[in-house]
Every structure is written in C-alpha cells, then in structure tokens.
file model.txt (compact mmCIF, C-alpha atoms)
# COMPACT_ATOMS: atom_id res chain seq x y z
CA MET P 1 0.00 0.00 0.00
CA ASP P 2 1.42 3.37 -0.98
CA LYS P 3 -0.73 5.39 1.39
CA LYS P 4 2.19 7.61 2.49
CA LYS P 5 3.26 8.57 -1.00
CA PRO P 6 2.07 12.00 -2.22
CA LYS P 7 -0.37 11.51 -5.05
CA LYS P 8 -1.38 13.81 -7.83
CA VAL P 9 -4.74 15.28 -6.92
CA PHE P 10 -5.37 17.84 -9.63
CA VAL P 11 -6.94 16.94 -12.94
CA GLN P 12 -7.47 19.34 -15.85
CA GLY P 13 -11.15 20.15 -16.35
CA ALA P 14 -14.13 18.12 -15.16
CA ILE P 15 -13.76 14.72 -13.50
CA PRO P 16 -15.36 12.21 -15.91
CA PRO P 17 -18.09 10.05 -14.32
CA GLU P 18 -16.27 6.97 -15.72
CA LYS P 19 -13.45 7.69 -13.26
CA ILE P 20 -15.78 6.95 -10.36
CA GLY P 21 -16.86 3.61 -11.85
CA ASN P 22 -13.26 2.68 -12.65
CA SER P 23 -12.15 3.55 -9.12
CA ILE P 24 -14.80 1.26 -7.66
CA ALA P 25 -13.80 -1.54 -10.05
CA ASN P 26 -10.13 -1.11 -9.06
CA HIS P 27 -10.99 -1.86 -5.43
CA GLN P 28 -12.91 -5.08 -5.99
CA SER P 29 -9.74 -7.15 -5.59
CA LYS P 30 -9.20 -5.67 -2.10
CA THR P 31 -11.43 -8.00 -0.17
CA ASN P 32 -10.52 -6.64 3.28
CA ILE P 33 -12.70 -3.63 2.35
CA GLY P 34 -16.30 -3.77 3.54
CA ALA P 35 -17.41 -0.22 2.77
CA HIS P 36 -16.65 2.65 0.42
CA SER P 37 -17.77 6.20 0.91
CA ILE P 38 -17.81 8.60 -2.01
CA PHE P 39 -18.30 12.35 -2.16
CA LEU P 40 -18.81 14.06 -5.49
CA GLY P 41 -18.82 17.84 -5.83
CA GLN P 42 -20.88 19.05 -8.76
CA ILE P 43 -21.01 22.58 -10.18
CA ARG P 44 -24.32 24.18 -9.29
CA ALA P 45 -26.03 26.76 -11.50
CA ASP P 46 -26.33 29.38 -8.74
CA GLU P 47 -28.37 32.44 -9.54
CA ILE P 48 -26.78 35.64 -8.25
CA ASP P 49 -28.37 39.04 -8.86
CA GLY P 50 -30.40 37.65 -11.75
CA LYS P 51 -27.41 36.02 -13.46
CA THR P 52 -26.83 32.27 -13.66
CA VAL P 53 -23.49 30.56 -13.11
CA SER P 54 -22.48 28.50 -16.16
CA ALA P 55 -19.05 27.25 -15.01
CA ILE P 56 -16.38 27.59 -12.35
CA ASP P 57 -12.81 28.16 -13.47
CA TYR P 58 -10.55 26.68 -10.77
CA SER P 59 -7.00 27.77 -10.07
CA ALA P 60 -4.70 26.92 -7.18
CA TYR P 61 -1.40 27.62 -5.49
CA GLU P 62 -0.52 24.17 -6.73
CA GLU P 63 2.71 23.44 -4.85
CA MET P 64 1.17 24.42 -1.52
CA ALA P 65 -2.14 22.71 -2.34
CA GLU P 66 -0.40 19.40 -3.11
CA SER P 67 1.45 19.55 0.20
CA VAL P 68 -1.74 20.44 2.13
CA PHE P 69 -3.53 17.51 0.42
CA HIS P 70 -0.69 15.31 1.60
CA GLU P 71 -0.98 16.61 5.19
CA ILE P 72 -4.74 15.97 5.14
CA ARG P 73 -4.10 12.39 3.96
CA GLU P 74 -1.55 11.82 6.71
CA ALA P 75 -3.94 13.18 9.33
CA ALA P 76 -6.84 11.10 7.98
CA PHE P 77 -4.80 7.88 8.02
CA SER P 78 -3.78 8.52 11.63
CA LYS P 79 -7.34 9.43 12.73
CA PHE P 80 -9.33 6.75 10.89
CA ASP P 81 -8.76 3.07 10.28
CA ILE P 82 -9.15 3.38 6.51
CA THR P 83 -7.74 1.00 3.93
CA CYS P 84 -7.23 3.63 1.27
CA ALA P 85 -8.27 7.11 0.22
CA HIS P 86 -8.27 8.92 -3.11
CA ILE P 87 -8.88 12.59 -3.86
CA TYR P 88 -9.25 14.31 -7.22
CA HIS P 89 -9.95 18.01 -7.74
CA SER P 90 -10.40 19.91 -10.97
CA LEU P 91 -8.31 22.78 -12.27
CA GLY P 92 -9.47 25.02 -15.09
CA PRO P 93 -13.07 25.43 -16.23
CA VAL P 94 -15.78 22.99 -15.12
CA LYS P 95 -19.32 23.51 -16.44
CA THR P 96 -22.49 23.33 -14.37
CA GLY P 97 -23.58 19.74 -13.85
CA GLU P 98 -20.01 18.46 -14.16
CA LEU P 99 -17.90 17.09 -11.31
CA CYS P 100 -15.08 19.07 -9.68
CA LEU P 101 -14.27 17.00 -6.57
CA PHE P 102 -14.12 13.24 -6.02
CA VAL P 103 -13.27 11.85 -2.60
CA PHE P 104 -13.21 8.08 -2.19
CA THR P 105 -12.50 6.39 1.16
CA SER P 106 -12.56 2.68 1.93
CA SER P 107 -12.59 0.77 5.18
CA ALA P 108 -13.61 -2.54 6.69
CA HIS P 109 -16.76 -0.88 8.08
CA ARG P 110 -19.15 1.83 6.94
CA LYS P 111 -18.91 4.34 9.81
CA ILE P 112 -15.19 4.82 9.42
CA ALA P 113 -15.42 5.15 5.65
CA ILE P 114 -18.19 7.76 5.96
CA GLU P 115 -16.50 9.77 8.73
CA ALA P 116 -13.18 9.79 6.90
CA CYS P 117 -14.85 10.91 3.68
CA ASN P 118 -16.54 13.82 5.49
CA TYR P 119 -13.26 14.72 7.13
CA PHE P 120 -11.51 14.96 3.76
CA VAL P 121 -14.23 17.13 2.24
CA GLU P 122 -14.34 19.58 5.15
CA GLU P 123 -10.54 19.83 5.36
CA ILE P 124 -10.23 20.37 1.61
CA LYS P 125 -12.82 23.14 1.62
CA ALA P 126 -11.26 24.90 4.61
CA ASN P 127 -7.52 24.51 4.11
CA VAL P 128 -6.47 23.94 0.51
CA PRO P 129 -5.52 27.07 -1.48
CA ILE P 130 -7.90 26.58 -4.39
CA PHE P 131 -9.73 29.51 -5.96
CA GLY P 132 -12.89 29.48 -8.05
CA LYS P 133 -13.98 32.03 -10.61
CA GLU P 134 -17.74 31.72 -11.14
CA ILE P 135 -18.44 32.42 -14.80
CA PHE P 136 -21.94 33.66 -15.63
CA GLU P 137 -23.84 32.97 -18.84
CA ASP P 138 -23.10 36.54 -20.02
CA GLU P 139 -19.35 35.86 -19.53
CA THR P 140 -19.00 38.22 -16.56
CA HIS P 141 -17.61 36.64 -13.41
CA GLN P 142 -17.25 36.80 -9.65
CA TRP P 143 -14.97 34.96 -7.22
CA LYS P 144 -16.42 32.12 -5.17
CA VAL P 145 -15.96 32.01 -1.39
CA ASN P 146 -16.57 28.82 0.60
CA THR P 147 -19.09 29.23 3.40
CA MET O 1 16.87 41.73 -0.48
CA LYS O 2 14.71 40.15 -3.14
CA VAL O 3 11.55 38.17 -2.49
CA ASN O 4 9.31 36.34 -4.96
CA VAL O 5 5.70 37.38 -4.65
CA LYS O 6 2.79 35.38 -6.06
CA TYR O 7 -0.83 36.48 -6.43
CA PHE O 8 -3.86 34.25 -6.78
CA GLY O 9 -7.54 34.52 -7.72
CA VAL O 10 -9.13 37.91 -7.31
CA ILE O 11 -5.84 39.33 -5.98
CA ALA O 12 -4.01 38.42 -9.20
CA GLU O 13 -6.82 40.14 -11.04
CA SER O 14 -6.39 43.34 -8.97
CA ALA O 15 -2.60 43.23 -9.34
CA GLY O 16 -2.81 42.51 -13.08
CA LYS O 17 -0.11 39.85 -12.67
CA ASN O 18 0.49 36.42 -11.17
CA GLU O 19 3.94 37.07 -9.76
CA GLU O 20 6.76 39.54 -9.42
CA VAL O 21 10.14 39.89 -7.75
CA LEU O 22 10.29 42.73 -5.21
CA GLU O 23 13.34 44.43 -3.75
CA LEU O 24 12.66 45.05 -0.05
CA LYS O 25 14.54 46.67 2.83
CA GLN O 26 16.14 44.30 5.33
CA GLY O 27 13.78 43.84 8.27
CA THR O 28 10.58 44.10 6.24
CA SER O 29 7.90 42.03 7.98
CA VAL O 30 5.19 39.95 6.36
CA LYS O 31 2.66 42.46 7.64
CA ASP O 32 4.57 45.42 6.14
CA LEU O 33 4.64 43.76 2.72
CA LYS O 34 0.98 42.77 2.97
CA ASN O 35 -0.10 46.34 3.80
CA GLN O 36 2.13 47.80 1.11
CA GLN O 37 0.76 45.59 -1.67
CA ILE O 38 -2.85 45.90 -0.54
CA LYS O 39 -2.51 49.66 -0.85
CA LYS O 40 -0.54 49.53 -4.10
CA TYR O 41 -3.02 47.28 -5.93
CA GLN O 42 -6.12 48.44 -4.05
CA ILE O 43 -6.88 44.87 -3.03
CA GLN O 44 -10.44 44.69 -1.72
CA ASP O 45 -11.59 42.84 1.38
CA ALA O 46 -8.08 43.04 2.86
CA GLU O 47 -8.98 41.24 6.11
CA SER O 48 -9.78 38.06 4.13
CA VAL O 49 -6.31 37.95 2.53
CA GLN O 50 -4.00 35.25 3.91
CA ILE O 51 -0.25 35.30 3.35
CA ALA O 52 1.83 32.15 2.94
CA VAL O 53 5.59 32.45 3.27
CA ASN O 54 7.30 29.47 1.68
CA GLN O 55 3.86 27.78 1.73
CA ASP O 56 3.39 28.38 5.45
CA LEU O 57 0.43 30.41 6.72
CA ASN O 58 1.92 30.82 10.21
CA ASN O 59 4.41 33.57 9.63
CA GLU O 60 4.96 36.55 11.88
CA ALA O 61 8.67 36.94 11.37
CA GLU O 62 10.73 39.17 9.11
CA LEU O 63 11.14 38.21 5.50
CA LYS O 64 14.40 36.77 4.21
CA GLU O 65 16.18 36.83 0.85
CA ASP O 66 14.49 34.53 -1.71
CA ASP O 67 11.36 33.94 0.35
CA GLU O 68 8.28 33.01 -1.66
CA VAL O 69 5.37 35.13 -0.47
CA ALA O 70 1.90 34.19 -1.69
CA PHE O 71 -1.17 36.45 -1.43
CA LEU O 72 -4.17 34.15 -1.04
CA PRO O 73 -7.83 35.18 -1.28
CA PRO O 74 -10.51 33.06 0.46
CA PHE O 75 -10.33 29.37 -0.46
CA ALA O 76 -13.05 27.97 -2.70
CA GLY O 77 -12.21 24.33 -3.31
CA GLY O 78 -14.79 21.59 -3.60
call {"tool": "encode", "arguments": {"input": "model.txt", "output": "structure tokens"}}
result
Amino acid sequence: MDKKKPKKVFVQGAIPPEKIGNSIANHQSKTNIGAHSIFLGQIRADEIDGKTVSAIDYSAYEEMAESVFHEIREAAFSKFDITCAHIYHSLGPVKTGELCLFVFTSSAHRKIAIEACNYFVEEIKANVPIFGKEIFEDETHQWKVNT
Amino acid sequence: MKVNVKYFGVIAESAGKNEEVLELKQGTSVKDLKNQQIKKYQIQDAESVQIAVNQDLNNEAELKEDDEVAFLPPFAGG
C-alpha cells in the first residue's frame, strides 16, 4: 500500500463520471474492504443578482495545495482506520452539472469510511488554497468564497 | 533583499499579474509587505487575505532573501 506517498490530486477540467466507476472496479480485488464512501462535488447553476453561473474556473497555489492535500491524507490515516483514500480536484473550467471533486475512502466498516470521507471534504474546503472564478452565462464573473 | 511574490484569484486580477520579484529593505515584515501591496493594488476585502511564506500560513517573522510570499484570497475548493 502506498498510502504515504504523495499523489497527484489535480486533474485538468471536469472529472469524468467513468473515473468513479473505474475507481470502484479497481478496489474489488481488495477483499478486506467492507465499505466505500464517495463524495462528489458538482457545479451548481447558482443564480446571483439575476445572473446564472455557467461554469467555475478553478485555479490553485498548486505546490502548496499538493502539500496540504498530503498533510490531510496523513492526518486522515492517523485518525481513521481506513484502507485507502483517493482525492481528485479539478483545475481550469468545469461547467455546471459536471464534477469538480471526487473523494473516495474505503474501510472494513461503513462508519469509518463515511466519517473519513466527510473529514476529507471539510478539510479540503477549509484549508487547501484553491480559488474558483464563477463564470456567468453573459461571460461576466465573480470569485467564489466557501461558506 | 529580493523576495518572490505570487498572487492568486481575485488578488491576481487586482494586481494585473500572477507574480513579481520585489526588492525590499532588510527587516521588512510579512505584515509590512501585505499592507504595502494591498494599498498599491487596491486589493479589496483586505482582512480576508492570507499570506503564505514558503507555503506556510503561520508567519509573523521578518522576510528573508528569496522567500516566496503568496497572497491568497478566500479558499473555494470543492
């Protein structure tokens, strides 16, 4: 298991739905796993002051983000008895309805997998230097802030 | 001394650039540089700006030659 090795988290553009299916398939040989928990972030068509969001263009302080992702992984593996964990986040433009975040945790039992998955999502939202430009249908934009 | 400054998100937009090398006086603190650039580029919502020095957000000390100083707007991942 290479759980300590830093992994590449960022992918260019939207995360294809096939990636989720493939990730599940890749874990079927690991029969010590009894539960997977998956979080998928999808771009929502927010309406702000009468204008509708059509995409979010993600950018990041990539070197720092990769090291924060690594710290979150280390912390998660010491907190939770998980078998493995995978995180993917988009960079660049992602259209409404497409996926921008995929967190996948696996454990022998469901509670741990679910708690670990939530932990990853909350930590990513709070601590990773990722920035989102919300593009409206009229091509104006504003900068997203996590709440 | 020279430091490498990086700007992200809405701050890069205000600055009109993603990075620059600045020549600073010895003894310049992180706070001094932050205030100076916020004024220079009229960066809005200054209290939400976080500064990372060599990727570390906990930085009160004086800057050193070749430090990488990043101006970070609120995070929006996920």
call {"tool": "residues_around", "arguments": {"input": "model.txt", "residues": "Lys111 (chain P)", "least_positions_apart": "4", "cutoff": "10 Å", "atoms": "all atoms listed in the file", "output": "list in words"}}
result
Ala35, His36, Ser37, Phe80, Ser107, Glu115, Ala116 and Cys117 of chain P
call {"tool": "closest_residue", "arguments": {"input": "model.txt", "among": "O:Asn18, O:Gln36, O:Glu23, O:Ile11", "to": "Pro74 (chain O)", "atoms": "all atoms listed in the file"}}
result
O:Ile11
call {"tool": "interface_residues", "arguments": {"input": "model.txt", "of": "chain O", "to": "chain P", "cutoff": "10 Å", "atoms": "all atoms listed in the file", "output": "list in words"}}
result
Lys6, Tyr7, Phe8, Gly9, Val10, Gln50, Ala52, Asn54, Gln55, Asp56, Ala70, Phe71, Leu72, Pro73, Pro74, Phe75, Ala76, Gly77 and Gly78 of chain O
call {"tool": "atom_distance", "arguments": {"input": "model.txt", "atom1": "CA of Ile38 (chain P)", "atom2": "CA of Ile56 (chain P)"}}
result
21.7 Å
call {"tool": "residues_around", "arguments": {"input": "model.txt", "residues": "Gln26 (chain O)", "least_positions_apart": "2", "cutoff": "10 Å", "atoms": "all atoms listed in the file", "output": "VMD selection string"}}
result
chain O and resid 1 to 2 23 to 24 28 to 29 62 to 65
call {"tool": "atom_distance", "arguments": {"input": "model.txt", "atom1": "CA of Ile82 (chain P)", "atom2": "CA of Ile33 (chain P)"}}
result
8.9 Å
call {"tool": "closest_residue", "arguments": {"input": "model.txt", "among": "O:Gly16, O:Ile43, O:Ile38, O:Val30", "to": "Asn58 (chain O)", "atoms": "only C-alpha atoms"}}
result
O:Val30
call {"tool": "closest_residue", "arguments": {"input": "model.txt", "among": "P:Lys19, P:Phe120, P:Val53, P:Arg44", "to": "Ala85 (chain P)", "atoms": "only C-alpha atoms"}}
result
P:Phe120
call {"tool": "atom_distance", "arguments": {"input": "model.txt", "atom1": "CA of Lys51 (chain P)", "atom2": "CA of Phe136 (chain P)"}}
result
6.3 Å
call {"tool": "closest_residue", "arguments": {"input": "model.txt", "among": "P:Glu98, P:Asp81, P:Glu137, P:Glu47", "to": "Ile15 (chain P)", "atoms": "only C-alpha atoms"}}
result
P:Glu98
call {"tool": "residues_near_point", "arguments": {"input": "model.txt", "point": "(-8.0, 15.3, 6.4)", "cutoff": "6 Å", "atoms": "all atoms listed in the file", "output": "short mmCIF file (atom, residue, chain, number, x, y, z; two decimals) with C-alpha atoms, keeping the file's coordinate frame"}}
result
data_model
loop_
_atom_site.label_atom_id
_atom_site.label_comp_id
_atom_site.auth_asym_id
_atom_site.auth_seq_id
_atom_site.Cartn_x
_atom_site.Cartn_y
_atom_site.Cartn_z
CA ILE P 72 -4.74 15.97 5.14
CA ARG P 73 -4.10 12.39 3.96
CA ALA P 75 -3.94 13.18 9.33
CA ALA P 76 -6.84 11.10 7.98
CA TYR P 119 -13.26 14.72 7.13
CA PHE P 120 -11.51 14.96 3.76
CA GLU P 123 -10.54 19.83 5.36
#
call {"tool": "closest_residue", "arguments": {"input": "model.txt", "among": "O:Lys39, O:Lys25, O:Asn4, O:Lys31", "to": "Ala61 (chain O)", "atoms": "all atoms listed in the file"}}
result
O:Lys31
call {"tool": "build_atoms", "arguments": {"input": "model.txt", "residues": "region 58-78 of chain P", "atoms": "N, CA and C atoms", "output": "compact mmCIF listing (two decimals), keeping the file's coordinate frame"}}
result
# COMPACT_ATOMS: atom_id res chain seq x y z
N TYR P 58 -11.37 26.88 -11.96
CA TYR P 58 -10.55 26.68 -10.77
C TYR P 58 -9.08 26.96 -11.02
N SER P 59 -8.46 27.63 -10.06
CA SER P 59 -7.00 27.77 -10.07
C SER P 59 -6.52 27.45 -8.66
N ALA P 60 -5.22 27.29 -8.50
CA ALA P 60 -4.70 26.92 -7.18
C ALA P 60 -3.25 27.34 -7.04
N TYR P 61 -2.83 27.50 -5.81
CA TYR P 61 -1.40 27.62 -5.49
C TYR P 61 -0.95 26.16 -5.42
N GLU P 62 -0.60 25.63 -6.59
CA GLU P 62 -0.52 24.17 -6.73
C GLU P 62 0.49 23.50 -5.81
N GLU P 63 1.68 24.09 -5.68
CA GLU P 63 2.71 23.44 -4.85
C GLU P 63 2.23 23.34 -3.41
N MET P 64 1.65 24.43 -2.91
CA MET P 64 1.17 24.42 -1.52
C MET P 64 -0.04 23.49 -1.40
N ALA P 65 -0.93 23.54 -2.38
CA ALA P 65 -2.14 22.71 -2.34
C ALA P 65 -1.76 21.23 -2.28
N GLU P 66 -0.80 20.81 -3.11
CA GLU P 66 -0.40 19.40 -3.11
C GLU P 66 0.15 19.01 -1.73
N SER P 67 0.90 19.94 -1.09
CA SER P 67 1.45 19.55 0.20
C SER P 67 0.35 19.57 1.28
N VAL P 68 -0.63 20.46 1.17
CA VAL P 68 -1.74 20.44 2.13
C VAL P 68 -2.58 19.16 1.93
N PHE P 69 -2.82 18.77 0.68
CA PHE P 69 -3.53 17.51 0.42
C PHE P 69 -2.80 16.35 1.10
N HIS P 70 -1.48 16.38 1.00
CA HIS P 70 -0.69 15.31 1.60
C HIS P 70 -0.83 15.30 3.13
N GLU P 71 -0.81 16.52 3.74
CA GLU P 71 -0.98 16.61 5.19
C GLU P 71 -2.37 16.09 5.61
N ILE P 72 -3.38 16.43 4.82
CA ILE P 72 -4.74 15.97 5.14
C ILE P 72 -4.79 14.44 5.09
N ARG P 73 -4.16 13.86 4.08
CA ARG P 73 -4.10 12.39 3.96
C ARG P 73 -3.44 11.76 5.18
N GLU P 74 -2.28 12.36 5.55
CA GLU P 74 -1.55 11.82 6.71
C GLU P 74 -2.43 11.86 7.96
N ALA P 75 -3.08 13.01 8.15
CA ALA P 75 -3.94 13.18 9.33
C ALA P 75 -5.10 12.18 9.28
N ALA P 76 -5.69 12.01 8.11
CA ALA P 76 -6.84 11.10 7.98
C ALA P 76 -6.42 9.66 8.28
N PHE P 77 -5.25 9.26 7.77
CA PHE P 77 -4.80 7.88 8.02
C PHE P 77 -4.47 7.66 9.50
N SER P 78 -4.05 8.73 10.21
CA SER P 78 -3.78 8.52 11.63
C SER P 78 -5.06 8.58 12.46
